[in-house]
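upload.cif (mmCIF, C-alpha atoms (C1' of nucleotides)) appears below.
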data_model
#
loop_
_atom_site.label_atom_id
_atom_site.label_comp_id
_atom_site.auth_asym_id
_atom_site.auth_seq_id
_atom_site.Cartn_x
_atom_site.Cartn_y
_atom_site.Cartn_z
CA MET C 554 68.25 -20.22 39.70
CA ASP C 555 69.65 -18.07 42.48
CA GLN C 556 68.12 -15.01 40.95
CA PHE C 557 64.81 -16.80 40.83
CA HIS C 558 64.99 -17.70 44.51
CA ALA C 559 66.02 -14.17 45.34
CA TYR C 560 62.98 -12.87 43.51
CA LEU C 561 60.71 -15.28 45.31
CA ALA C 562 62.13 -14.35 48.70
CA LYS C 563 61.86 -10.65 48.01
CA ASN C 564 58.16 -11.05 47.25
CA GLN C 565 57.22 -13.38 50.06
CA LEU C 566 56.72 -16.19 47.60
CA LYS C 567 57.72 -19.73 48.29
CA SER C 568 60.27 -21.97 46.72
CA THR C 569 58.56 -25.28 46.08
CA ARG C 570 59.56 -28.57 44.56
CA GLN C 571 57.45 -27.95 41.49
CA ARG C 572 58.71 -24.45 40.86
CA ASP C 573 62.29 -25.50 41.27
CA LEU C 574 61.86 -28.44 38.95
CA ILE C 575 60.17 -26.38 36.25
CA ALA C 576 62.68 -23.58 36.53
CA TYR C 577 65.52 -26.06 36.45
CA LYS C 578 64.22 -27.75 33.33
CA PHE C 579 63.63 -24.38 31.77
CA PHE C 580 67.16 -23.16 32.39
CA SER C 581 68.61 -26.43 31.10
CA THR C 582 66.96 -25.78 27.76
CA GLU C 583 68.70 -24.19 24.82
CA GLY C 584 66.76 -21.95 22.51
CA HIS C 585 63.00 -21.86 22.69
CA ILE C 586 60.52 -24.03 24.47
CA SER C 587 56.75 -24.10 24.64
CA ILE C 588 54.62 -24.55 27.72
CA GLU C 589 53.67 -27.97 26.48
CA GLU C 590 57.26 -29.08 25.97
CA LEU C 591 58.29 -27.74 29.34
CA LEU C 592 55.40 -29.56 30.97
CA ALA C 593 56.42 -32.79 29.26
CA LEU C 594 60.03 -32.34 30.39
CA SER C 595 58.97 -31.63 33.94
CA ARG C 596 56.68 -34.62 34.04
CA THR C 597 59.55 -36.97 33.30
CA GLU C 598 60.65 -36.22 36.86
CA ASN C 599 57.29 -35.57 38.45
CA PRO C 600 54.30 -36.84 36.47
CA ARG C 601 51.77 -35.06 38.65
CA ILE C 602 52.77 -31.56 37.57
CA GLY C 603 49.88 -29.70 35.97
CA TYR C 604 49.58 -27.20 33.16
CA ALA C 605 48.54 -24.43 35.51
CA THR C 606 51.71 -24.71 37.56
CA VAL C 607 53.87 -24.43 34.47
CA TYR C 608 51.95 -21.37 33.33
CA ARG C 609 52.18 -19.81 36.75
CA THR C 610 55.87 -20.54 37.12
CA LEU C 611 56.69 -19.21 33.70
CA LYS C 612 54.76 -16.06 34.51
CA LEU C 613 56.93 -15.63 37.59
CA LEU C 614 60.09 -16.21 35.60
CA THR C 615 58.95 -13.64 33.09
CA GLU C 616 58.18 -11.11 35.81
CA CYS C 617 61.65 -11.37 37.27
CA GLY C 618 63.22 -11.08 33.84
CA LEU C 619 64.63 -14.59 33.63
CA ALA C 620 62.29 -15.71 30.86
CA ALA C 621 61.04 -13.97 27.75
CA MET C 622 57.89 -14.72 25.83
CA ARG C 623 58.04 -15.01 22.03
CA ARG C 624 55.30 -15.40 19.50
CA PHE C 625 56.53 -16.42 16.09
CA GLY C 626 53.40 -16.06 14.05
CA ASP C 627 52.42 -19.71 14.12
CA GLY C 628 50.82 -21.71 16.91
CA GLN C 629 51.75 -21.44 20.53
CA THR C 630 53.82 -19.07 22.57
CA MET C 631 57.47 -19.95 23.04
CA TYR C 632 59.68 -18.99 25.96
CA GLU C 633 63.41 -18.59 26.22
CA THR C 634 65.88 -17.82 28.95
CA ALA C 635 66.83 -14.20 29.34
CA GLY C 636 68.67 -12.01 31.77
CA ASP C 637 72.00 -13.67 32.41
CA THR C 638 72.52 -14.51 28.76
CA GLU C 639 73.27 -11.55 26.56
CA HIS C 640 70.60 -10.19 24.29
CA HIS C 641 69.97 -11.63 20.85
CA ASP C 642 67.43 -11.46 18.06
CA HIS C 643 65.94 -14.09 15.79
CA LEU C 644 66.27 -15.25 12.23
CA ILE C 645 63.52 -17.63 11.21
CA CYS C 646 63.30 -19.77 8.09
CA ILE C 647 59.81 -19.51 6.62
CA GLU C 648 60.26 -22.86 4.91
CA CYS C 649 61.52 -25.19 7.60
CA GLY C 650 60.64 -23.12 10.66
CA HIS C 651 64.06 -23.31 12.21
CA VAL C 652 65.10 -20.43 14.44
CA LEU C 653 68.61 -19.02 14.59
CA GLU C 654 69.81 -16.39 17.02
CA PHE C 655 72.06 -13.48 16.23
CA GLN C 656 73.38 -10.27 17.68
CA ASN C 657 74.14 -7.05 15.91
CA GLU C 658 75.50 -4.03 17.68
CA GLU C 659 74.80 -1.69 14.82
CA ILE C 660 71.09 -2.43 14.89
CA GLU C 661 70.94 -2.15 18.66
CA ARG C 662 72.55 1.24 18.54
CA GLU C 663 70.27 2.45 15.79
CA GLN C 664 67.20 1.31 17.68
CA GLU C 665 68.30 3.27 20.68
CA ARG C 666 68.69 6.31 18.47
CA VAL C 667 65.24 5.92 16.95
CA ALA C 668 63.57 5.57 20.33
CA ARG C 669 65.38 8.63 21.62
CA SER C 670 64.36 10.65 18.61
CA PHE C 671 60.74 10.11 19.64
CA GLY C 672 61.54 10.98 23.22
CA PHE C 673 61.17 7.37 24.28
CA ASN C 674 63.18 5.57 26.88
CA LEU C 675 63.90 2.23 25.23
CA VAL C 676 63.22 -0.65 27.59
CA ARG C 677 63.29 -3.68 25.36
CA HIS C 678 62.66 -4.69 21.81
CA ARG C 679 61.85 -7.58 19.57
CA LEU C 680 63.40 -8.15 16.18
CA GLU C 681 62.57 -11.11 14.02
CA LEU C 682 63.87 -11.65 10.51
CA TYR C 683 61.95 -14.07 8.33
CA GLY C 684 63.51 -15.54 5.24
CA MET C 685 64.56 -18.63 3.37
CA CYS C 686 67.60 -20.55 4.46
CA PRO C 687 70.08 -21.78 1.82
CA LYS C 688 68.68 -25.29 1.82
CA ALA C 689 65.11 -24.08 1.44
CA ARG C 690 66.18 -22.01 -1.53
CA GLY C 691 67.35 -25.17 -3.24
CA ILE C 692 71.06 -24.58 -3.06
CA LYS C 693 72.14 -28.16 -3.21
CA GLY C 694 75.49 -28.04 -1.52
CA GLY C 695 74.52 -25.04 0.56
CA SER C 696 75.76 -25.51 4.07
CA CYS C 697 72.49 -24.78 5.76
CA PRO C 698 73.18 -23.08 9.10
CA HIS C 699 70.84 -25.51 10.78
CA ASP C 700 71.95 -28.79 9.31
CA ASP C 701 72.60 -29.75 12.91
CA ALA C 702 69.01 -29.32 13.91
CA SER C 703 69.54 -31.70 16.79
CA LYS C 704 68.78 -29.23 19.51
CA SER C 705 65.50 -28.11 18.03
CA LEU C 706 62.47 -29.48 19.79
CA ARG C 707 60.33 -27.31 17.60
CA ALA C 708 61.39 -29.19 14.53
CA LEU C 709 59.16 -32.03 15.67
CA ARG C 710 56.09 -29.95 15.18
CA PRO C 711 54.71 -30.22 11.66
CA SER C 712 55.03 -26.86 9.96
CA ARG C 713 51.62 -25.49 9.28
CA SER C 714 52.72 -23.63 6.15
CA MET P 1180 40.93 -2.98 -3.51
CA ASP P 1181 41.81 -3.77 -7.11
CA GLN P 1182 44.64 -5.99 -6.01
CA PHE P 1183 42.23 -7.80 -3.74
CA HIS P 1184 39.78 -8.42 -6.57
CA ALA P 1185 42.61 -9.52 -8.80
CA TYR P 1186 43.68 -12.04 -6.19
CA LEU P 1187 40.15 -13.32 -5.81
CA ALA P 1188 39.73 -13.70 -9.55
CA LYS P 1189 43.04 -15.45 -9.94
CA ASN P 1190 42.01 -18.06 -7.40
CA GLN P 1191 38.45 -18.62 -8.52
CA LEU P 1192 37.16 -16.90 -5.44
CA LYS P 1193 34.16 -14.63 -5.44
CA SER P 1194 33.81 -10.98 -4.74
CA THR P 1195 30.88 -10.59 -2.39
CA ARG P 1196 29.15 -7.71 -0.68
CA GLN P 1197 30.53 -8.74 2.69
CA ARG P 1198 34.11 -9.16 1.53
CA ASP P 1199 34.07 -5.87 -0.26
CA LEU P 1200 32.64 -4.08 2.72
CA ILE P 1201 35.12 -5.57 5.15
CA ALA P 1202 38.06 -4.93 2.84
CA TYR P 1203 36.87 -1.38 2.24
CA LYS P 1204 36.58 -0.66 5.94
CA PHE P 1205 39.94 -2.23 6.51
CA PHE P 1206 41.69 -0.12 3.89
CA SER P 1207 40.01 3.03 5.21
CA THR P 1208 41.65 2.44 8.57
CA GLU P 1209 44.86 4.07 9.68
CA GLY P 1210 47.25 2.17 11.86
CA HIS P 1211 46.17 -1.02 13.56
CA ILE P 1212 42.80 -2.61 13.93
CA SER P 1213 41.56 -5.71 15.66
CA ILE P 1214 39.09 -8.22 14.31
CA GLU P 1215 36.58 -6.99 16.80
CA GLU P 1216 36.95 -3.37 15.79
CA LEU P 1217 36.75 -4.24 12.13
CA LEU P 1218 33.62 -6.25 12.74
CA ALA P 1219 32.07 -3.33 14.61
CA LEU P 1220 32.95 -0.96 11.77
CA SER P 1221 31.53 -3.31 9.18
CA ARG P 1222 28.36 -3.79 11.13
CA THR P 1223 27.58 -0.09 10.99
CA GLU P 1224 26.83 -0.70 7.32
CA ASN P 1225 25.62 -4.27 7.50
CA PRO P 1226 24.65 -5.47 10.97
CA ARG P 1227 24.33 -9.09 9.92
CA ILE P 1228 28.04 -9.59 9.26
CA GLY P 1229 29.52 -12.32 11.45
CA TYR P 1230 32.85 -12.86 13.14
CA ALA P 1231 33.70 -15.77 10.92
CA THR P 1232 33.42 -13.71 7.77
CA VAL P 1233 35.77 -11.07 9.13
CA TYR P 1234 38.29 -13.72 10.10
CA ARG P 1235 38.00 -15.38 6.73
CA THR P 1236 38.30 -12.13 4.82
CA LEU P 1237 41.28 -10.98 6.82
CA LYS P 1238 42.93 -14.31 6.16
CA LEU P 1239 42.45 -13.73 2.45
CA LEU P 1240 43.85 -10.23 2.71
CA THR P 1241 46.85 -11.55 4.56
CA GLU P 1242 47.42 -14.26 1.96
CA CYS P 1243 47.52 -11.77 -0.86
CA GLY P 1244 49.86 -9.52 1.09
CA LEU P 1245 47.45 -6.63 1.60
CA ALA P 1246 47.16 -7.12 5.34
CA ALA P 1247 49.74 -7.96 7.99
CA MET P 1248 49.15 -9.58 11.33
CA ARG P 1249 50.74 -8.11 14.45
CA ARG P 1250 50.86 -9.38 17.98
CA PHE P 1251 51.98 -6.85 20.52
CA GLY P 1252 52.33 -9.06 23.55
CA ASP P 1253 49.02 -8.13 25.13
CA GLY P 1254 45.51 -9.23 24.20
CA GLN P 1255 44.29 -9.78 20.70
CA THR P 1256 45.90 -9.83 17.30
CA MET P 1257 45.99 -6.57 15.39
CA TYR P 1258 46.04 -6.14 11.63
CA GLU P 1259 47.33 -3.35 9.47
CA THR P 1260 47.38 -2.57 5.79
CA ALA P 1261 50.48 -3.62 3.93
CA GLY P 1262 51.71 -3.84 0.39
CA ASP P 1263 50.96 -0.50 -1.21
CA THR P 1264 52.07 1.46 1.83
CA GLU P 1265 55.78 1.49 2.46
CA HIS P 1266 57.25 -0.58 5.22
CA HIS P 1267 57.48 0.64 8.79
CA ASP P 1268 58.23 -0.68 12.25
CA HIS P 1269 56.66 -0.01 15.63
CA LEU P 1270 57.47 1.89 18.77
CA ILE P 1271 55.18 0.98 21.64
CA CYS P 1272 54.80 2.74 24.97
CA ILE P 1273 54.75 0.17 27.76
CA GLU P 1274 52.88 2.59 29.99
CA CYS P 1275 50.00 3.86 27.90
CA GLY P 1276 50.04 1.23 25.16
CA HIS P 1277 50.12 3.70 22.31
CA VAL P 1278 51.75 2.58 19.10
CA LEU P 1279 53.85 4.82 16.87
CA GLU P 1280 55.24 3.89 13.50
CA PHE P 1281 58.68 4.68 12.18
CA GLN P 1282 61.06 3.89 9.38
CA ASN P 1283 64.80 3.61 9.51
CA GLU P 1284 66.88 2.86 6.48
CA GLU P 1285 69.98 2.11 8.47
CA ILE P 1286 68.28 -0.70 10.39
CA GLU P 1287 66.71 -2.12 7.25
CA ARG P 1288 70.06 -2.27 5.54
CA GLU P 1289 71.74 -3.87 8.52
CA GLN P 1290 69.02 -6.51 8.75
CA GLU P 1291 69.57 -7.38 5.14
CA ARG P 1292 73.25 -7.75 5.84
CA VAL P 1293 72.67 -10.00 8.86
CA ALA P 1294 70.34 -12.28 6.93
CA ARG P 1295 72.78 -12.55 4.07
CA SER P 1296 75.61 -13.40 6.44
CA PHE P 1297 73.66 -16.50 7.45
CA GLY P 1298 72.91 -17.32 3.84
CA PHE P 1299 69.29 -16.32 4.26
CA ASN P 1300 67.12 -14.63 1.72
CA LEU P 1301 65.31 -12.00 3.77
CA VAL P 1302 61.60 -11.98 3.02
CA ARG P 1303 60.14 -9.88 5.77
CA HIS P 1304 60.80 -8.88 9.34
CA ARG P 1305 59.21 -7.56 12.45
CA LEU P 1306 60.76 -4.95 14.69
CA GLU P 1307 59.08 -3.64 17.79
CA LEU P 1308 60.63 -1.23 20.23
CA TYR P 1309 59.09 -1.04 23.69
CA GLY P 1310 59.74 1.87 25.94
CA MET P 1311 58.33 4.73 27.96
CA CYS P 1312 57.07 7.80 26.21
CA PRO P 1313 57.97 11.24 27.58
CA LYS P 1314 54.63 11.65 29.32
CA ALA P 1315 54.84 8.27 30.97
CA ARG P 1316 58.28 9.14 32.28
CA GLY P 1317 56.74 12.06 34.09
CA ILE P 1318 58.21 14.84 32.02
CA LYS P 1319 55.58 17.44 32.73
CA GLY P 1320 55.83 19.64 29.69
CA GLY P 1321 57.11 16.81 27.54
CA SER P 1322 55.39 16.99 24.20
CA CYS P 1323 54.29 13.41 24.15
CA PRO P 1324 54.32 12.18 20.56
CA HIS P 1325 50.84 10.81 21.03
CA ASP P 1326 49.10 13.71 22.70
CA ASP P 1327 46.76 13.49 19.75
CA ALA P 1328 45.67 9.98 20.57
CA SER P 1329 42.45 10.60 18.69
CA LYS P 1330 42.99 7.92 16.10
CA SER P 1331 43.80 5.22 18.60
CA LEU P 1332 40.98 2.80 19.15
CA ARG P 1333 43.33 0.67 21.17
CA ALA P 1334 43.61 3.35 23.81
CA LEU P 1335 40.14 2.38 24.94
CA ARG P 1336 41.34 -0.96 26.14
CA PRO P 1337 42.53 -0.91 29.75
CA SER P 1338 46.22 -1.69 29.91
CA ARG P 1339 46.70 -5.00 31.62
CA SER P 1340 49.94 -4.71 33.58
"C1'" DG F 1169 49.91 -22.53 62.39
"C1'" DT F 1170 49.48 -19.43 58.45
"C1'" DC F 1171 49.34 -18.56 53.95
"C1'" DC F 1172 50.93 -19.64 49.73
"C1'" DC F 1173 51.00 -23.33 46.29
"C1'" DT F 1174 49.26 -27.27 43.68
"C1'" DG F 1175 46.35 -30.13 40.77
"C1'" DC F 1176 42.19 -30.63 38.84
"C1'" DA F 1177 38.47 -29.21 36.29
"C1'" DA F 1178 35.72 -25.68 34.83
"C1'" DA F 1179 35.82 -21.06 32.79
"C1'" DC F 1180 37.41 -17.89 29.40
"C1'" DT F 1181 39.08 -15.81 25.11
"C1'" DA F 1182 40.42 -15.87 20.53
"C1'" DT F 1183 39.81 -18.34 16.48
"C1'" DT F 1184 38.08 -22.14 13.43
"C1'" DT F 1185 34.75 -25.25 11.58
"C1'" DG F 1186 30.25 -27.79 10.23
"C1'" DC F 1187 26.18 -27.06 8.09
"C1'" DA F 1188 21.98 -25.37 5.90
"C1'" DC F 1189 20.82 -21.74 3.11
"C1'" DC F 1190 22.20 -17.76 0.00
"C1'" DG F 1191 24.02 -15.57 -4.03
"C1'" DG F 1192 27.83 -14.42 -7.56
"C1'" DG F 1193 29.69 -15.87 -12.06
"C1'" DC A 803 22.62 -23.75 -12.16
"C1'" DC A 804 26.87 -24.73 -9.59
"C1'" DC A 805 29.94 -24.10 -6.21
"C1'" DG A 806 31.86 -21.03 -3.14
"C1'" DG A 807 30.33 -17.74 0.66
"C1'" DT A 808 27.68 -16.49 4.75
"C1'" DG A 809 25.82 -16.58 9.41
"C1'" DC A 810 25.06 -19.06 13.16
"C1'" DA A 811 26.33 -21.96 16.74
"C1'" DA A 812 29.16 -25.42 18.25
"C1'" DA A 813 33.94 -26.93 18.48
"C1'" DT A 814 38.88 -26.07 19.39
"C1'" DA A 815 43.19 -24.40 21.27
"C1'" DG A 816 45.65 -21.88 24.42
"C1'" DT A 817 45.53 -19.87 28.79
"C1'" DT A 818 43.46 -18.52 33.32
"C1'" DT A 819 40.91 -19.20 37.51
"C1'" DG A 820 38.19 -21.23 41.63
"C1'" DC A 821 38.63 -24.32 45.06
"C1'" DA A 822 39.84 -28.02 48.37
"C1'" DG A 823 43.68 -30.06 50.16
"C1'" DG A 824 49.00 -29.99 50.81
"C1'" DG A 825 53.39 -27.98 52.05
"C1'" DA A 826 57.03 -24.21 52.93
"C1'" DC A 827 58.53 -21.13 56.32
#
Hey, can you dump this file as structure tokens for me?
Amino acid sequence: MDQFHAYLAKNQLKSTRQRDLIAYKFFSTEGHISIEELLALSRTENPRIGYATVYRTLKLLTECGLAAMRRFGDGQTMYETAGDTEHHDHLICIECGHVLEFQNEEIEREQERVARSFGFNLVRHRLELYGMCPKARGIKGGSCPHDDASKSLRALRPSRS
Amino acid sequence: MDQFHAYLAKNQLKSTRQRDLIAYKFFSTEGHISIEELLALSRTENPRIGYATVYRTLKLLTECGLAAMRRFGDGQTMYETAGDTEHHDHLICIECGHVLEFQNEEIEREQERVARSFGFNLVRHRLELYGMCPKARGIKGGSCPHDDASKSLRALRPSRS
DNA sequence: GTCCCTGCAAACTATTTGCACCGGG
DNA sequence: CCCGGTGCAAATAGTTTGCAGGGAC
């Protein structure tokens, strides 16, 4: 939040009620959230907020590195907090659509090496692993890593398959 | 091409002039191609081909695993051949937008390990590295890996940023 | 007060769909 | 022949933009 305000100030942009509310709701979210979900959340506090403002605010957040855009193949674009939290990648179940996050130093290091071997200066990357979770594979007693899917707003969306 | 026809036959779908042409043009392409580019290519042989047919054909190709959809952050969706060719990942220059392909066994193996550690059965993945190529970083004599940008249709598109 | 910001609606872009006619098996 | 495929245009979905009025600094 402070970083956001700092960015605004540095660019002669204003801190407004709407921006603060949207940013606040965004930072309070775990995992991934879509524009639509963020709009809905924001409207619980201020029903007059419009789509455009959410889009514009999220663009600002992305510019200052506090949000990251993700497109997981299906429907709409998802956003997640970035910057203060440490980097992570994604593991997505192709059956139930749930998204897990993970970190792996070995992969990070190797990526850096690959980029350097092409003379590139690695700035960022995106790694998504798609597979079937234990439950989806029909392992009856399999402790599916996402049995506690409580935090997943995405789970509400019907999987297109 | 044969695999495509096999897939069509297996699903009681027809092999038509348009599908064959589009698929042929698609397989003749190196690297990544957009719907629009593929339509343009196809129209050089048959000007009456429509957008919808290209979309529908590419959807078929994707279903049977011969094409893969890619979304590199910016504009439109790109497609590339898959299946027969061996797997590769992407290295994208954030300055000039050029896309290189690479392979790295170490990363592949590590991904497999990560997925397994979560009980997942890894089906596919997507890895994109974004960075600045030597030229973009202002290294004068730097032999930019894409000095021969001849094959890149994408280079025509103005970079948004 | 000066601009930037907001909400609305219209505009845009990428993609999908309905439908009448065409053509492959 | 039959049923899926095609081309067109219209419909959608997600996102962006123009503009008149409102608010932060």
I need the chain C residues near chain F as a PDB file with C-alpha atoms, in the coordinates of the input; criterion: at most 9 Å, counting only C-alpha atoms (C1' of nucleotides).
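Output contents, as saved in out17.pdb:
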ATOM      1  CA  GLN C 565      57.220 -13.380  50.060  1.00  0.00           C
ATOM      2  CA  LEU C 566      56.720 -16.190  47.600  1.00  0.00           C
ATOM      3  CA  LYS C 567      57.720 -19.730  48.290  1.00  0.00           C
ATOM      4  CA  THR C 569      58.560 -25.280  46.080  1.00  0.00           C
ATOM      5  CA  GLN C 571      57.450 -27.950  41.490  1.00  0.00           C
ATOM      6  CA  ARG C 601      51.770 -35.060  38.650  1.00  0.00           C
ATOM      7  CA  ILE C 602      52.770 -31.560  37.570  1.00  0.00           C
ATOM      8  CA  GLY C 603      49.880 -29.700  35.970  1.00  0.00           C
ATOM      9  CA  TYR C 604      49.580 -27.200  33.160  1.00  0.00           C
ATOM     10  CA  ALA C 605      48.540 -24.430  35.510  1.00  0.00           C
ATOM     11  CA  THR C 606      51.710 -24.710  37.560  1.00  0.00           C
TER      12      THR C 606
END
Residues of chain A within 10 Å of chain C, counting all atoms listed in the file, what are they? List them as a VMD selection string. chain A and resid 815 to 819 825 to 827
With a cut-off of 9 Å and counting all atoms listed in the file, select all residues of chain P in contact with chain C and give the selection as a VMD selection string. chain P and resid 1248 to 1250 1252 1270 1272 to 1273 1281 to 1283 1285 to 1287 1289 to 1291 1293 to 1294 1297 to 1313 1316 1321 to 1324
Residues within 12 Å of P:Leu1200, please, as a PDB file with C-alpha atoms, keeping the file's coordinate frame. Count only C-alpha atoms (C1' of nucleotides); anything in the same chain fewer than 6 positions from it doesn't count.
ATOM      1  CA  MET P1180      40.930  -2.980  -3.510  1.00  0.00           C
ATOM      2  CA  SER P1194      33.810 -10.980  -4.740  1.00  0.00           C
ATOM      3  CA  PHE P1206      41.690  -0.120   3.890  1.00  0.00           C
ATOM      4  CA  SER P1207      40.010   3.030   5.210  1.00  0.00           C
ATOM      5  CA  LEU P1217      36.750  -4.240  12.130  1.00  0.00           C
ATOM      6  CA  LEU P1218      33.620  -6.250  12.740  1.00  0.00           C
ATOM      7  CA  ALA P1219      32.070  -3.330  14.610  1.00  0.00           C
ATOM      8  CA  LEU P1220      32.950  -0.960  11.770  1.00  0.00           C
ATOM      9  CA  SER P1221      31.530  -3.310   9.180  1.00  0.00           C
ATOM     10  CA  ARG P1222      28.360  -3.790  11.130  1.00  0.00           C
ATOM     11  CA  THR P1223      27.580  -0.090  10.990  1.00  0.00           C
ATOM     12  CA  GLU P1224      26.830  -0.700   7.320  1.00  0.00           C
ATOM     13  CA  ASN P1225      25.620  -4.270   7.500  1.00  0.00           C
ATOM     14  CA  PRO P1226      24.650  -5.470  10.970  1.00  0.00           C
ATOM     15  CA  ILE P1228      28.040  -9.590   9.260  1.00  0.00           C
ATOM     16  CA  THR P1232      33.420 -13.710   7.770  1.00  0.00           C
ATOM     17  CA  VAL P1233      35.770 -11.070   9.130  1.00  0.00           C
ATOM     18  CA  THR P1236      38.300 -12.130   4.820  1.00  0.00           C
ATOM     19  CA  LEU P1237      41.280 -10.980   6.820  1.00  0.00           C
TER      20      LEU P1237
END
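Reported to one decimal place, the separation of atom CA of C:Met631 from atom CA of C:His585 is 5.9 Å.
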Separation of atom CA of P:Gly1244 from atom CA of P:His1266, in Å and rounded to one decimal: 12.3 Å
Give me, please, the distance in Å between atom CA of P:Gly1276 and atom CA of C:Leu614, quoted to one decimal. 22.7 Å
List every protein, DNA or RNA residue with an atom no more than 12 Å from (41.2, -16.7, -5.1) in the file's coordinates, counting all atoms listed in the file, and format the result as a ChimeraX atom specification. /P:1182-1194,1236,1238-1240,1242-1243 /A:806
